[in-house]
Amino acid sequence: MATVLPKDTESRSVGARAKAIVHYTFDADHWEYRDSTGVDVGIDCSLELTENDDWTGNILECQVKGRSTPKFNKTREYISIELKVSTINYALSRASSFVLLLVDMSDETVYYLPIQEFFIANPSYFDKTTDTQKEITLRIPTDNIVTKEDTNLQQIAKSRYIGGPGKELRRAT
């Protein structure tokens with residue numbers, strides 16, 4: 001009789017490769033990558049920003065998704081991706097910036113979508129965060145690419161949010 005052992009899955013290996021790509025894509029000269037462990041509540045890793053060699057406490061909390069064939073729209077202006085409502089509500093409740101990172105596995109491009117900023121800019125999406133839907137389709141602009149010139153991501157890391165996950169969510173001043 002053959003011994004039954006746990007089986008590896010493609011989703012696990014794609015996820016592991018996607019996180020590895022994220023790790024080496026962010027510039028280690030000013031980002032510290034930290035893998036999240038423990039219960040999976042939606043944060044796969046965090047990235048802390050350093051400025052002038054000082055630890056600033058400015059953090060991106062990240063959900064990482066790997067896709068071999070991302071769903072680009074016809075004009076390639078954005079990528080559609082489904083995300084669990086529970087993950088979105090968790091992201092909207094965070095004071096630190098929560099960023100969805102989508103890795104195109106074919107060319108190792110990392111796209112980003114700051115969840116709180118997306119919902120503030122698109123308030124009609126708040127109506128979709130109820131328990132009547134399991135997932136919401138979000139659109140990641142294809143201009144949002146992680147590069148060494150990541151001033152926009154640095155500004156996002158410095159943002160703080162209050163009032164989530166409902167329509168009262170706003171950036172703290």
# chains A, B, ... in the order shown; residues from 1 in each chain; ligands from 1
>>> residues_around(residues="range 94-109 of chain A", least_positions_apart="6", cutoff="8 Å", atoms="only C-alpha atoms", output="compact mmCIF listing (two decimals) with C-alpha atoms, in the first residue's frame")
# COMPACT_ATOMS: atom_id res chain seq x y z
CA ALA A 18 5.13 36.24 -6.60
CA ILE A 21 9.51 38.82 -7.07
CA VAL A 22 7.99 41.52 -4.84
CA ASN A 58 6.00 54.39 7.40
CA ILE A 59 4.75 51.02 6.24
CA LEU A 60 2.98 49.48 3.27
CA GLU A 61 0.88 46.48 4.30
CA CYS A 62 0.57 44.30 1.22
CA GLN A 63 -1.60 41.58 -0.25
CA VAL A 64 0.36 39.82 -3.03
CA LYS A 65 -1.31 38.12 -5.99
CA GLY A 66 0.53 36.36 -8.79
CA ARG A 67 -1.07 35.89 -12.21
CA SER A 68 0.40 34.21 -15.29
CA THR A 69 -2.18 35.98 -17.50
CA PRO A 70 -3.49 39.16 -15.84
CA ILE A 115 -6.76 50.16 -1.54
CA GLN A 116 -7.72 53.08 0.73
CA ILE A 145 4.30 49.79 -11.64
CA VAL A 146 6.87 49.24 -8.89
CA ILE A 156 1.55 56.25 0.00
CA ALA A 157 3.58 54.66 2.82
CA LYS A 158 3.53 58.00 4.67
CA SER A 159 -0.28 58.19 4.53
CA ARG A 160 -2.52 57.35 7.49
CA TYR A 161 -6.24 56.66 7.36
CA ILE A 162 -9.15 57.04 9.75
CA GLY A 164 -12.79 52.99 7.59
>>> select_by_dssp(residues="range 20-137 of chain A", states="strand (DSSP E or B)", output="PyMOL selection string")
chain A and resi 31-35+45-51+54-67+71-72+78-84+97-104+109-114+135-137
>>> atom_distance(atom1="CA of Asp44 in chain A", atom2="CA of Asn144 in chain A")
19.3 Å
>>> closest_residue(among="A:Thr75, A:Thr25, A:Thr129, A:Thr147", to="Leu92 in chain A", atoms="only C-alpha atoms")
A:Thr129
>>> atom_distance(atom1="CA of Gln154 in chain A", atom2="CA of Tyr24 in chain A")
16.6 Å
>>> select_by_dssp(residues="range 16-158 of chain A", states="alpha helix (DSSP H)", output="count of residues only")
32
